[in-house]
$ cat input.pdb   # PDB, C-alpha atoms
ATOM      1  CA  MET T   8       0.000   0.000   0.000
ATOM      2  CA  ARG T   9       1.130   3.546  -0.724
ATOM      3  CA  SER T  10       0.765   6.364   1.809
ATOM      4  CA  GLY T  11      -0.662   9.795   1.128
ATOM      5  CA  ASN T  12       0.397  13.146   2.669
ATOM      6  CA  SER T  13      -1.570  12.383   5.845
ATOM      7  CA  GLY T  14       0.430   9.222   6.454
ATOM      8  CA  ARG T  15      -2.595   6.966   6.035
ATOM      9  CA  PRO T  16      -2.266   4.084   3.560
ATOM     10  CA  THR T  17      -4.065   4.499   0.253
ATOM     11  CA  ARG T  18      -5.463   1.816  -1.961
ATOM     12  CA  PRO T  19      -3.796   1.030  -5.304
ATOM     13  CA  ARG T  20      -5.506   2.918  -8.098
ATOM     14  CA  THR T  21      -7.562   0.958 -10.612
ATOM     15  CA  ALA T  22      -8.262   3.737 -13.144
ATOM     16  CA  TRP T  23      -6.516   3.745 -16.482
ATOM     17  CA  THR T  24      -4.283   6.761 -17.023
ATOM     18  CA  GLY T  25      -3.983   8.333 -20.445
ATOM     19  CA  ALA T  26      -0.219   7.772 -20.480
ATOM     20  CA  GLU T  27      -0.631   4.036 -19.820
ATOM     21  CA  VAL T  28      -3.314   3.630 -22.486
ATOM     22  CA  ASN T  29      -1.220   5.453 -25.085
ATOM     23  CA  LEU T  30       1.906   3.478 -24.219
ATOM     24  CA  ALA T  31       0.132   0.116 -24.428
ATOM     25  CA  ALA T  32      -1.590   1.067 -27.708
ATOM     26  CA  ALA T  33       1.727   2.168 -29.241
ATOM     27  CA  ILE T  34       3.435  -1.102 -28.281
ATOM     28  CA  CYS T  35       0.500  -3.105 -29.649
ATOM     29  CA  ALA T  36       0.607  -1.213 -32.947
ATOM     30  CA  ALA T  37       4.357  -1.805 -33.239
ATOM     31  CA  GLN T  38       4.054  -5.547 -32.648
ATOM     32  CA  PHE T  39       1.170  -5.819 -35.117
ATOM     33  CA  ALA T  40       3.349  -4.147 -37.763
ATOM     34  CA  VAL T  41       6.079  -6.726 -37.164
ATOM     35  CA  VAL T  42       3.551  -9.576 -37.353
ATOM     36  CA  VAL T  43       2.323  -8.242 -40.719
ATOM     37  CA  ALA T  44       5.914  -8.113 -41.995
ATOM     38  CA  VAL T  45       6.587 -11.686 -40.842
ATOM     39  CA  ARG T  46       3.332 -12.863 -42.434
ATOM     40  CA  TRP T  47       4.337 -11.179 -45.707
ATOM     41  CA  VAL T  48       7.684 -12.971 -45.718
ATOM     42  CA  GLY T  49       5.784 -16.181 -44.990
ATOM     43  CA  THR T  50       3.883 -15.793 -48.273
ATOM     44  CA  PHE T  51       7.071 -16.122 -50.325
ATOM     45  CA  ASP T  52       6.417 -19.835 -50.736
ATOM     46  CA  ASP T  53       2.642 -19.502 -51.225
ATOM     47  CA  ASP T  54       0.778 -20.089 -54.465
ATOM     48  CA  HIS T  55      -0.332 -16.643 -55.652
ATOM     49  CA  HIS T  56      -2.452 -18.190 -58.426
ATOM     50  CA  GLY T  57      -0.856 -15.844 -60.941
ATOM     51  CA  ALA T  58      -2.723 -12.848 -59.525
ATOM     52  CA  GLY T  59      -1.694  -9.524 -58.089
ATOM     53  CA  LEU T  60       1.965  -9.693 -59.064
ATOM     54  CA  GLY T  61       2.498  -6.155 -60.291
ATOM     55  CA  GLY T  62       1.218  -3.338 -62.417
ATOM     56  CA  VAL T  63      -1.005  -0.436 -61.417
ATOM     57  CA  PRO T  64      -3.090  -2.437 -58.880
ATOM     58  CA  ALA T  65       0.081  -3.427 -57.023
ATOM     59  CA  ALA T  66       1.258   0.203 -56.940
ATOM     60  CA  VAL T  67      -2.132   1.355 -55.674
ATOM     61  CA  GLY T  68      -2.103  -1.393 -53.057
ATOM     62  CA  LEU T  69       1.340  -0.331 -51.818
ATOM     63  CA  LEU T  70       0.201   3.295 -51.634
ATOM     64  CA  CYS T  71      -2.862   2.260 -49.615
ATOM     65  CA  VAL T  72      -0.645   0.330 -47.202
ATOM     66  CA  LEU T  73       1.655   3.318 -46.695
ATOM     67  CA  VAL T  74      -1.206   5.796 -46.231
ATOM     68  CA  LEU T  75      -3.811   3.727 -44.418
ATOM     69  CA  GLY T  76      -1.503   1.300 -42.635
ATOM     70  CA  PRO T  77      -0.339   3.564 -39.746
ATOM     71  CA  PRO T  78      -3.829   4.763 -38.684
ATOM     72  CA  LEU T  79      -5.209   1.230 -39.035
ATOM     73  CA  LEU T  80      -2.431  -0.188 -36.862
ATOM     74  CA  ALA T  81      -3.022   2.592 -34.321
ATOM     75  CA  ALA T  82      -6.728   1.748 -34.194
ATOM     76  CA  LEU T  83      -5.978  -1.974 -33.765
ATOM     77  CA  GLY T  84      -3.484  -1.172 -31.017
ATOM     78  CA  LEU T  85      -6.063   0.901 -29.143
ATOM     79  CA  LEU T  86      -8.707  -1.806 -29.572
ATOM     80  CA  HIS T  87      -6.337  -4.448 -28.196
ATOM     81  CA  THR T  88      -5.457  -2.176 -25.293
ATOM     82  CA  VAL T  89      -9.036  -1.592 -24.144
ATOM     83  CA  ALA T  90      -9.977  -5.261 -24.711
ATOM     84  CA  CYS T  91      -6.975  -6.951 -23.090
ATOM     85  CA  THR T  92      -4.070  -4.914 -21.715
ATOM     86  CA  MET T  93      -5.883  -2.385 -19.536
ATOM     87  CA  PRO T  94      -8.605  -4.702 -18.173
ATOM     88  CA  ALA T  95      -5.780  -7.035 -17.138
ATOM     89  CA  ALA T  96      -4.048  -4.090 -15.438
ATOM     90  CA  THR T  97      -7.202  -3.359 -13.443
ATOM     91  CA  LEU T  98      -7.534  -7.022 -12.441
ATOM     92  CA  ALA T  99      -3.871  -7.068 -11.396
ATOM     93  CA  ARG T 100      -4.322  -4.056  -9.113
ATOM     94  CA  LEU T 101      -7.435  -5.574  -7.563
ATOM     95  CA  ALA T 102      -5.628  -8.885  -7.029
ATOM     96  CA  ARG T 103      -2.790  -7.191  -5.158
ATOM     97  CA  ARG T 104      -5.252  -6.032  -2.488
ATOM     98  CA  ARG T 105      -5.828  -9.627  -1.452
ATOM     99  CA  ALA T 106      -2.723 -11.535  -2.515
ATOM    100  CA  PRO T 107       1.027 -10.879  -2.455
ATOM    101  CA  GLY T 108       3.209 -10.561  -5.494
ATOM    102  CA  PRO T 109       4.462  -7.846  -7.843
ATOM    103  CA  GLU T 110       1.873  -6.078  -9.943
ATOM    104  CA  GLY T 111       3.825  -6.808 -13.126
ATOM    105  CA  ALA T 112       3.585 -10.568 -12.574
ATOM    106  CA  TRP T 113      -0.146 -10.326 -11.912
ATOM    107  CA  HIS T 114      -0.577  -8.184 -15.023
ATOM    108  CA  THR T 115       1.274 -10.692 -17.211
ATOM    109  CA  GLY T 116      -0.808 -13.540 -15.864
ATOM    110  CA  PHE T 117      -4.087 -11.749 -16.498
ATOM    111  CA  VAL T 118      -3.177 -10.672 -20.052
ATOM    112  CA  LEU T 119      -2.345 -14.288 -20.841
ATOM    113  CA  LEU T 120      -5.725 -15.326 -19.422
ATOM    114  CA  LEU T 121      -7.633 -12.682 -21.382
ATOM    115  CA  GLY T 122      -5.590 -13.352 -24.509
ATOM    116  CA  THR T 123      -6.414 -17.050 -24.307
ATOM    117  CA  PHE T 124     -10.095 -16.165 -23.954
ATOM    118  CA  TRP T 125     -10.066 -13.945 -27.071
ATOM    119  CA  ALA T 126      -8.097 -16.568 -29.028
ATOM    120  CA  ALA T 127     -10.571 -19.301 -28.073
ATOM    121  CA  LEU T 128     -13.463 -17.029 -29.045
ATOM    122  CA  ALA T 129     -11.887 -16.320 -32.434
ATOM    123  CA  VAL T 130     -11.545 -20.065 -33.058
ATOM    124  CA  ALA T 131     -15.113 -20.807 -31.940
ATOM    125  CA  LEU T 132     -16.862 -18.062 -33.917
ATOM    126  CA  PRO T 133     -18.226 -18.927 -37.371
ATOM    127  CA  GLY T 134     -16.187 -17.849 -40.361
ATOM    128  CA  PRO T 135     -12.486 -18.157 -41.179
ATOM    129  CA  ALA T 136     -10.753 -19.432 -38.043
ATOM    130  CA  PRO T 137      -7.161 -18.549 -37.125
ATOM    131  CA  THR T 138      -4.528 -21.231 -37.485
ATOM    132  CA  GLY T 139      -2.939 -22.778 -34.421
ATOM    133  CA  ALA T 140       0.073 -20.470 -34.653
ATOM    134  CA  GLU T 141      -2.156 -17.407 -35.101
ATOM    135  CA  ALA T 142      -4.253 -18.395 -32.077
ATOM    136  CA  VAL T 143      -1.109 -18.725 -29.934
ATOM    137  CA  LEU T 144       0.160 -15.322 -31.098
ATOM    138  CA  LEU T 145      -3.198 -13.780 -30.235
ATOM    139  CA  ALA T 146      -3.111 -15.385 -26.792
ATOM    140  CA  VAL T 147       0.340 -13.948 -25.961
ATOM    141  CA  SER T 148      -0.114 -10.605 -27.754
ATOM    142  CA  GLY T 149      -0.740  -8.808 -24.471
ATOM    143  CA  VAL T 150       2.618  -9.750 -22.957
ATOM    144  CA  PRO T 151       4.817  -7.110 -24.704
ATOM    145  CA  PRO T 152       2.479  -4.220 -23.712
ATOM    146  CA  ALA T 153       2.333  -5.546 -20.138
ATOM    147  CA  LEU T 154       6.136  -5.676 -19.940
ATOM    148  CA  GLY T 155       6.335  -2.201 -21.437
ATOM    149  CA  LEU T 156       3.906  -0.835 -18.857
ATOM    150  CA  ALA T 157       5.860  -2.462 -16.013
ATOM    151  CA  ARG T 158       9.061  -0.824 -17.221
ATOM    152  CA  ALA T 159       7.334   2.538 -17.593
ATOM    153  CA  ARG T 160       5.961   2.325 -14.027
ATOM    154  CA  ARG T 161       9.417   1.587 -12.622
ATOM    155  CA  ARG T 162      10.833   4.552 -14.487
ATOM    156  CA  GLU T 163       7.981   6.788 -13.344
ATOM    157  CA  ARG T 164       8.605   5.826  -9.703
ATOM    158  CA  ALA T 165      12.312   6.583 -10.131
ATOM    159  CA  THR T 166      11.946   9.917 -11.973
ATOM    160  CA  GLY T 167       8.469  11.047 -10.970
ATOM    161  CA  ARG T 168       7.556  11.674 -14.631
ATOM    162  CA  PRO T 169       5.061   9.651 -16.691
ATOM    163  CA  PRO T 170       6.027   8.711 -20.280
ATOM    164  CA  GLU T 171       5.442  11.461 -22.825
ATOM    165  CA  ASP T 172       2.914  10.558 -25.534
ATOM    166  CA  GLY T 173       4.949  12.075 -28.377
ATOM    167  CA  ARG T 174       8.113  10.202 -27.470
ATOM    168  CA  VAL T 175       6.210   6.952 -26.940
ATOM    169  CA  ARG T 176       4.639   7.084 -30.400
ATOM    170  CA  LEU T 177       7.882   8.120 -32.108
ATOM    171  CA  ARG T 178       9.958   5.424 -30.442
ATOM    172  CA  SER T 179       7.350   2.749 -31.146
ATOM    173  CA  ALA T 180       7.159   3.786 -34.799
ATOM    174  CA  LEU T 181      10.949   3.738 -35.164
ATOM    175  CA  VAL T 182      11.233   0.335 -33.464
ATOM    176  CA  ALA T 183       8.457  -1.087 -35.661
ATOM    177  CA  LEU T 184      10.063   0.343 -38.799
ATOM    178  CA  GLY T 185      13.463  -1.045 -37.879
ATOM    179  CA  LEU T 186      12.114  -4.503 -37.060
ATOM    180  CA  CYS T 187      10.035  -4.610 -40.254
ATOM    181  CA  ALA T 188      13.106  -3.690 -42.303
ATOM    182  CA  LEU T 189      15.066  -6.418 -40.503
ATOM    183  CA  VAL T 190      12.345  -8.993 -41.239
ATOM    184  CA  ALA T 191      12.226  -7.978 -44.918
ATOM    185  CA  ALA T 192      16.014  -8.203 -45.186
ATOM    186  CA  ALA T 193      15.975 -11.633 -43.552
ATOM    187  CA  GLY T 194      13.314 -12.774 -46.024
ATOM    188  CA  ALA T 195      15.344 -11.534 -48.984
ATOM    189  CA  ALA T 196      18.445 -13.258 -47.635
ATOM    190  CA  GLY T 197      16.451 -16.459 -47.157
ATOM    191  CA  LEU T 198      15.361 -16.403 -50.783
ATOM    192  CA  ALA T 199      18.875 -15.673 -52.001
ATOM    193  CA  THR T 200      20.442 -18.477 -49.968
ATOM    194  CA  GLY T 201      17.701 -21.030 -50.579
ATOM    195  CA  LEU T 202      16.589 -21.199 -46.935
ATOM    196  CA  ILE T 203      13.183 -20.000 -48.130
ATOM    197  CA  ARG T 204      12.037 -21.822 -51.234
ATOM    198  CA  GLU T 205       9.705 -20.201 -53.695
ATOM    199  CA  TYR T 206       6.459 -21.974 -54.414
ATOM    200  CA  GLU T 207       6.510 -24.849 -56.902
ATOM    201  CA  PRO T 208       3.182 -26.305 -58.105
ATOM    202  CA  PRO T 209       2.669 -30.065 -57.771
ATOM    203  CA  LYS T 210       3.073 -32.395 -60.743
ATOM    204  CA  LEU T 211      -0.105 -34.446 -61.044
ATOM    205  CA  GLY T 212      -0.723 -37.208 -63.536
ATOM    206  CA  ALA T 213      -4.090 -38.078 -65.019
ATOM    207  CA  ASP T 214      -4.611 -40.685 -62.310
ATOM    208  CA  ARG T 215      -4.349 -38.000 -59.599
ATOM    209  CA  LEU T 216      -6.671 -35.649 -61.458
ATOM    210  CA  THR T 217      -9.578 -38.010 -61.949
ATOM    211  CA  GLY T 218     -12.312 -37.693 -59.355
ATOM    212  CA  VAL T 219     -14.569 -34.968 -57.990
ATOM    213  CA  TRP T 220     -13.564 -31.325 -57.619
ATOM    214  CA  ARG T 221     -15.764 -28.815 -55.825
ATOM    215  CA  GLY T 222     -15.902 -25.028 -55.697
ATOM    216  CA  ASP T 223     -18.095 -22.147 -54.574
ATOM    217  CA  HIS T 224     -21.812 -21.824 -55.302
ATOM    218  CA  GLY T 225     -22.219 -25.580 -55.665
ATOM    219  CA  ALA T 226     -19.690 -26.019 -58.478
ATOM    220  CA  VAL T 227     -18.883 -29.694 -59.087
ATOM    221  CA  LEU T 228     -16.463 -30.998 -61.716
ATOM    222  CA  ARG T 229     -16.112 -34.767 -62.222
ATOM    223  CA  LEU T 230     -13.149 -35.892 -64.268
ATOM    224  CA  ARG T 231     -13.565 -39.460 -65.542
ATOM    225  CA  THR T 232     -10.776 -41.852 -66.437
ATOM    226  CA  ASP T 233     -12.127 -42.135 -69.999
ATOM    227  CA  GLY T 234     -11.659 -38.385 -70.636
ATOM    228  CA  ARG T 235     -15.249 -37.374 -69.975
ATOM    229  CA  ALA T 236     -15.996 -34.329 -67.815
ATOM    230  CA  GLU T 237     -19.283 -33.824 -65.983
ATOM    231  CA  LEU T 238     -20.032 -30.257 -64.932
ATOM    232  CA  SER T 239     -22.543 -28.740 -62.547
ATOM    233  CA  ALA T 240     -22.448 -24.934 -62.095
ATOM    234  CA  VAL T 241     -18.738 -24.933 -63.039
ATOM    235  CA  PRO T 242     -17.284 -21.551 -64.124
ATOM    236  CA  ALA T 243     -16.180 -21.418 -67.781
ATOM    237  CA  GLN T 244     -14.876 -18.894 -70.278
ATOM    238  CA  PRO T 245     -17.833 -17.164 -71.990
ATOM    239  CA  GLU T 246     -18.663 -17.977 -75.589
ATOM    240  CA  PHE T 247     -18.155 -14.379 -76.670
ATOM    241  CA  GLY T 248     -15.477 -12.087 -75.306
ATOM    242  CA  ASP T 249     -11.774 -12.313 -74.603
ATOM    243  CA  VAL T 250      -9.625 -13.520 -71.734
ATOM    244  CA  THR T 251      -9.285 -10.004 -70.294
ATOM    245  CA  THR T 252     -12.915  -9.904 -69.177
ATOM    246  CA  LYS T 253     -13.878 -10.909 -65.657
ATOM    247  CA  GLU T 254     -17.217 -12.197 -66.868
ATOM    248  CA  PHE T 255     -17.744 -15.940 -66.964
ATOM    249  CA  THR T 256     -20.579 -18.391 -67.414
ATOM    250  CA  ARG T 257     -21.523 -21.397 -65.313
ATOM    251  CA  CYS T 258     -21.786 -24.649 -67.212
ATOM    252  CA  ASP T 259     -23.846 -27.779 -66.693
ATOM    253  CA  GLY T 260     -23.456 -30.841 -68.871
ATOM    254  CA  VAL T 261     -20.994 -33.373 -70.163
ATOM    255  CA  GLY T 262     -17.797 -32.636 -72.063
ATOM    256  CA  LYS T 263     -14.181 -33.685 -72.340
ATOM    257  CA  TRP T 264     -10.990 -33.003 -70.447
ATOM    258  CA  PHE T 265      -7.284 -33.595 -70.939
ATOM    259  CA  LEU T 266      -4.033 -32.752 -69.195
ATOM    260  CA  ASP T 267      -1.836 -30.048 -70.727
ATOM    261  CA  THR T 268       1.753 -30.257 -69.422
ATOM    262  CA  ALA T 269       3.152 -27.576 -71.721
ATOM    263  CA  GLY T 270       0.720 -24.719 -71.065
ATOM    264  CA  ARG T 271      -0.232 -24.543 -74.731
ATOM    265  CA  TYR T 272      -3.870 -23.856 -73.886
ATOM    266  CA  ASP T 273      -3.176 -21.412 -71.042
ATOM    267  CA  PRO T 274      -4.353 -17.957 -72.257
ATOM    268  CA  TYR T 275      -1.914 -16.242 -69.878
ATOM    269  CA  ALA T 276       1.107 -18.408 -70.681
ATOM    270  CA  ASP T 277       4.260 -16.592 -71.672
ATOM    271  CA  GLY T 278       7.974 -17.233 -71.449
ATOM    272  CA  PRO T 279       9.731 -20.579 -71.874
ATOM    273  CA  VAL T 280       7.665 -23.758 -71.907
ATOM    274  CA  SER T 281       9.676 -25.056 -68.944
ATOM    275  CA  GLU T 282       8.289 -22.238 -66.782
ATOM    276  CA  ARG T 283       4.648 -22.766 -67.720
ATOM    277  CA  ARG T 284       2.302 -24.520 -65.333
ATOM    278  CA  ASP T 285       0.407 -27.718 -65.968
ATOM    279  CA  GLY T 286      -3.327 -27.503 -66.298
ATOM    280  CA  VAL T 287      -6.542 -29.279 -67.163
ATOM    281  CA  VAL T 288      -8.426 -28.230 -70.291
ATOM    282  CA  VAL T 289     -12.195 -28.664 -69.913
ATOM    283  CA  ARG T 290     -14.209 -28.539 -73.122
ATOM    284  CA  VAL T 291     -18.030 -28.551 -73.155
ATOM    285  CA  GLY T 292     -20.032 -28.066 -76.324
ATOM    286  CA  ASP T 293     -22.471 -25.141 -76.443
ATOM    287  CA  CYS T 294     -21.248 -23.794 -73.115
ATOM    288  CA  GLY T 295     -18.488 -21.275 -73.547
ATOM    289  CA  HIS T 296     -14.936 -21.704 -74.734
ATOM    290  CA  ASP T 297     -12.385 -24.208 -73.486
ATOM    291  CA  THR T 298     -11.443 -23.395 -69.886
ATOM    292  CA  TYR T 299      -7.892 -23.889 -68.655
ATOM    293  CA  TRP T 300      -7.808 -24.982 -65.019
ATOM    294  CA  THR T 301      -4.261 -24.482 -63.718
ATOM    295  CA  ILE T 302      -2.939 -27.031 -61.236
ATOM    296  CA  GLY T 303      -2.033 -25.505 -57.885
ATOM    297  CA  GLY T 304      -2.007 -26.201 -54.164
ATOM    298  CA  THR T 305       0.282 -28.914 -52.850
ATOM    299  CA  GLU T 306       0.832 -32.619 -53.392
ATOM    300  CA  ALA T 307      -1.272 -33.362 -50.329
ATOM    301  CA  ARG T 308      -3.982 -30.772 -51.069
ATOM    302  CA  PRO T 309      -4.074 -30.067 -54.819
ATOM    303  CA  GLU T 310      -6.246 -27.375 -56.399
ATOM    304  CA  LEU T 311      -7.518 -26.410 -59.821
ATOM    305  CA  PHE T 312      -7.947 -22.704 -60.422
ATOM    306  CA  VAL T 313      -8.806 -20.311 -63.228
ATOM    307  CA  LEU T 314      -8.388 -16.542 -63.275
ATOM    308  CA  PHE T 315     -10.964 -14.630 -65.292
ATOM    309  CA  GLY T 316      -9.825 -11.187 -66.379
ATOM    310  CA  ASP T 317      -6.664  -9.217 -65.770
ATOM    311  CA  PRO T 318      -3.969 -11.145 -63.846
ATOM    312  CA  ASP T 319      -3.529  -8.226 -61.430
ATOM    313  CA  ALA T 320      -7.224  -7.744 -60.628
ATOM    314  CA  GLY T 321      -9.077 -10.768 -61.962
ATOM    315  CA  ASP T 322     -11.800 -13.001 -60.573
ATOM    316  CA  LEU T 323     -10.187 -16.116 -59.128
ATOM    317  CA  ARG T 324     -12.152 -19.380 -58.958
ATOM    318  CA  ILE T 325     -10.788 -22.460 -57.196
ATOM    319  CA  LEU T 326     -11.822 -26.111 -57.200
ATOM    320  CA  ARG T 327     -10.622 -28.520 -54.504
ATOM    321  CA  ARG T 328     -10.821 -32.260 -54.206
ATOM    322  CA  GLY T 329     -14.231 -33.206 -52.875
TER     323      GLY T 329
END

$ encode --input "input.pdb" --output "structure tokens"
Amino acid sequence: MRSGNSGRPTRPRTAWTGAEVNLAAAICAAQFAVVVAVRWVGTFDDDHHGAGLGGVPAAVGLLCVLVLGPPLLAALGLLHTVACTMPAATLARLARRRAPGPEGAWHTGFVLLLGTFWAALAVALPGPAPTGAEAVLLAVSGVPPALGLARARRRERATGRPPEDGRVRLRSALVALGLCALVAAAGAAGLATGLIREYEPPKLGADRLTGVWRGDHGAVLRLRTDGRAELSAVPAQPEFGDVTTKEFTRCDGVGKWFLDTAGRYDPYADGPVSERRDGVVVRVGDCGHDTYWTIGGTEARPELFVLFGDPDAGDLRILRRG
């Protein structure tokens, strides 16, 4: 317990100070920026399905990241602070009234508890669920702000001055920028040395391609061993138009299919034949043009995909083994 001017003990405060909120939000924003950079490096070996690799859309996207990224990260940092870091700080101060132990240890324990709750809720809610690694990161995301607050409190007790908001934001931004640059450099070095391998599509023979493939809106493509293809609501190139249009038709019926290992039927194929991707050509009479389904995914989880329209801003459709 602390003592006031009258010499009587005073209870630990439970209110959130503006300096603490701003410090925690700045640390959260900085760590989120680093997580985004690490996630970006992690996509180096992903299948990009031939989309969004450059051009004007990529430039616009980069500009949006530079302009909208900082305020978005600041908003996420503040949201995390009021949902996890500061409620845990209040619980830690209340716990110290009835149990021994440093406030910093209590704070760390409570942010881990709240973080685990939010991670479990994210997994349980309907919609895209976080992966196991993402859930763990969410559960421990309150630890760096808690450690930062503990350090700031020790410094405030020693100097009598709370952290200045301007310096907190500037230092957090510089640390985040430096760490992001370090992550990007490590990713580039990994590519150059072969520690990070770029994505390579699987090589599937006709025996691996036969079977049922399913997509969105009830799309079902059955590839038979005799070369027949049975389609139900399967996207296909329209009868009239060119490959630059995002429009497509949905086909029902019976047609033919065959494996193209040289990319001769791929409307986007360019460069040497050795660099072109294998694909499945699906041909159905009276239902659009031949559609080239590129082979993607992995050996364990193969995919067939087609990109309608411009490669940088097209409409991607994916079929997976059903």

$ resolve_selection --input "input.pdb" --expression "the PyMOL selection byres ((chain T and resi 159-161) around 12)" --output "ChimeraX atom specification"
/T:24,26-31,34,96,109-111,152-158,162-171,175

$ resolve_selection --input "input.pdb" --expression "the PyMOL selection byres ((chain T and resi 181-195) around 10)" --output "ChimeraX atom specification"
/T:33-34,36-49,51,176-180,196-203

$ residues_around --input "input.pdb" --residues "Asp52 in chain T" --least-positions-apart "3" --cutoff "7 Å" --atoms "only C-alpha atoms" --output "list in words"
Gly49, Arg204, Glu205 and Tyr206 of chain T

$ closest_atom_pairs --input "input.pdb" --of "range 206-247 of chain T" --to "range 299-306 of chain T" --cutoff "9 Å" --atoms "only C-alpha atoms" --output "CSV"
residue,atom,partner,partner_atom,distance
T:Glu207,CA,T:Thr305,CA,8.5
T:Pro208,CA,T:Gly303,CA,5.3
T:Pro209,CA,T:Glu306,CA,5.4
T:Lys210,CA,T:Glu306,CA,7.7
T:Leu211,CA,T:Glu306,CA,7.9
T:Ala243,CA,T:Tyr299,CA,8.7
T:Gln244,CA,T:Tyr299,CA,8.7

$ atom_distance --input "input.pdb" --atom1 "CA of Ala99 in chain T" --atom2 "CA of Trp113 in chain T"
5.0 Å

$ atom_distance --input "input.pdb" --atom1 "CA of Asp293 in chain T" --atom2 "CA of Leu323 in chain T"
23.1 Å

$ build_atoms --input "input.pdb" --residues "range 168-173 of chain T" --atoms "all heavy atoms" --output "PDB file, in the frame of the given file"
ATOM      1  N   ARG T 168       8.162  11.160 -13.394  1.00  0.00           N
ATOM      2  CA  ARG T 168       7.556  11.674 -14.631  1.00  0.00           C
ATOM      3  C   ARG T 168       6.941  10.526 -15.423  1.00  0.00           C
ATOM      4  O   ARG T 168       7.599   9.504 -15.650  1.00  0.00           O
ATOM      5  CB  ARG T 168       8.607  12.363 -15.503  1.00  0.00           C
ATOM      6  CG  ARG T 168       9.206  13.622 -14.895  1.00  0.00           C
ATOM      7  CD  ARG T 168       9.977  14.358 -15.973  1.00  0.00           C
ATOM      8  NE  ARG T 168      10.994  13.491 -16.544  1.00  0.00           N
ATOM      9  CZ  ARG T 168      12.286  13.622 -16.330  1.00  0.00           C
ATOM     10  NH1 ARG T 168      12.730  14.589 -15.565  1.00  0.00           N
ATOM     11  NH2 ARG T 168      13.152  12.798 -16.885  1.00  0.00           N
ATOM     12  N   PRO T 169       5.676  10.677 -15.842  1.00  0.00           N
ATOM     13  CA  PRO T 169       5.061   9.651 -16.691  1.00  0.00           C
ATOM     14  C   PRO T 169       5.637   9.732 -18.102  1.00  0.00           C
ATOM     15  O   PRO T 169       6.220  10.748 -18.488  1.00  0.00           O
ATOM     16  CB  PRO T 169       3.569  10.018 -16.684  1.00  0.00           C
ATOM     17  CG  PRO T 169       3.562  11.501 -16.470  1.00  0.00           C
ATOM     18  CD  PRO T 169       4.745  11.784 -15.561  1.00  0.00           C
ATOM     19  N   PRO T 170       5.516   8.677 -18.896  1.00  0.00           N
ATOM     20  CA  PRO T 170       6.027   8.711 -20.280  1.00  0.00           C
ATOM     21  C   PRO T 170       5.288   9.743 -21.117  1.00  0.00           C
ATOM     22  O   PRO T 170       4.072   9.925 -20.991  1.00  0.00           O
ATOM     23  CB  PRO T 170       5.769   7.283 -20.788  1.00  0.00           C
ATOM     24  CG  PRO T 170       4.682   6.747 -19.913  1.00  0.00           C
ATOM     25  CD  PRO T 170       4.888   7.382 -18.576  1.00  0.00           C
ATOM     26  N   GLU T 171       6.031  10.449 -21.951  1.00  0.00           N
ATOM     27  CA  GLU T 171       5.442  11.461 -22.825  1.00  0.00           C
ATOM     28  C   GLU T 171       4.855  10.796 -24.066  1.00  0.00           C
ATOM     29  O   GLU T 171       5.502   9.968 -24.709  1.00  0.00           O
ATOM     30  CB  GLU T 171       6.493  12.488 -23.231  1.00  0.00           C
ATOM     31  CG  GLU T 171       7.082  13.254 -22.048  1.00  0.00           C
ATOM     32  CD  GLU T 171       8.126  14.263 -22.486  1.00  0.00           C
ATOM     33  OE1 GLU T 171       8.204  14.518 -23.706  1.00  0.00           O
ATOM     34  OE2 GLU T 171       8.855  14.776 -21.626  1.00  0.00           O
ATOM     35  N   ASP T 172       3.618  11.194 -24.422  1.00  0.00           N
ATOM     36  CA  ASP T 172       2.914  10.558 -25.534  1.00  0.00           C
ATOM     37  C   ASP T 172       3.682  10.677 -26.844  1.00  0.00           C
ATOM     38  O   ASP T 172       3.785   9.717 -27.615  1.00  0.00           O
ATOM     39  CB  ASP T 172       1.524  11.188 -25.698  1.00  0.00           C
ATOM     40  CG  ASP T 172       0.612  10.847 -24.522  1.00  0.00           C
ATOM     41  OD1 ASP T 172       0.972   9.938 -23.752  1.00  0.00           O
ATOM     42  OD2 ASP T 172      -0.436  11.494 -24.385  1.00  0.00           O
ATOM     43  N   GLY T 173       4.237  11.870 -27.115  1.00  0.00           N
ATOM     44  CA  GLY T 173       4.949  12.075 -28.377  1.00  0.00           C
ATOM     45  C   GLY T 173       6.157  11.161 -28.493  1.00  0.00           C
ATOM     46  O   GLY T 173       6.382  10.545 -29.541  1.00  0.00           O
TER      47      GLY T 173
END
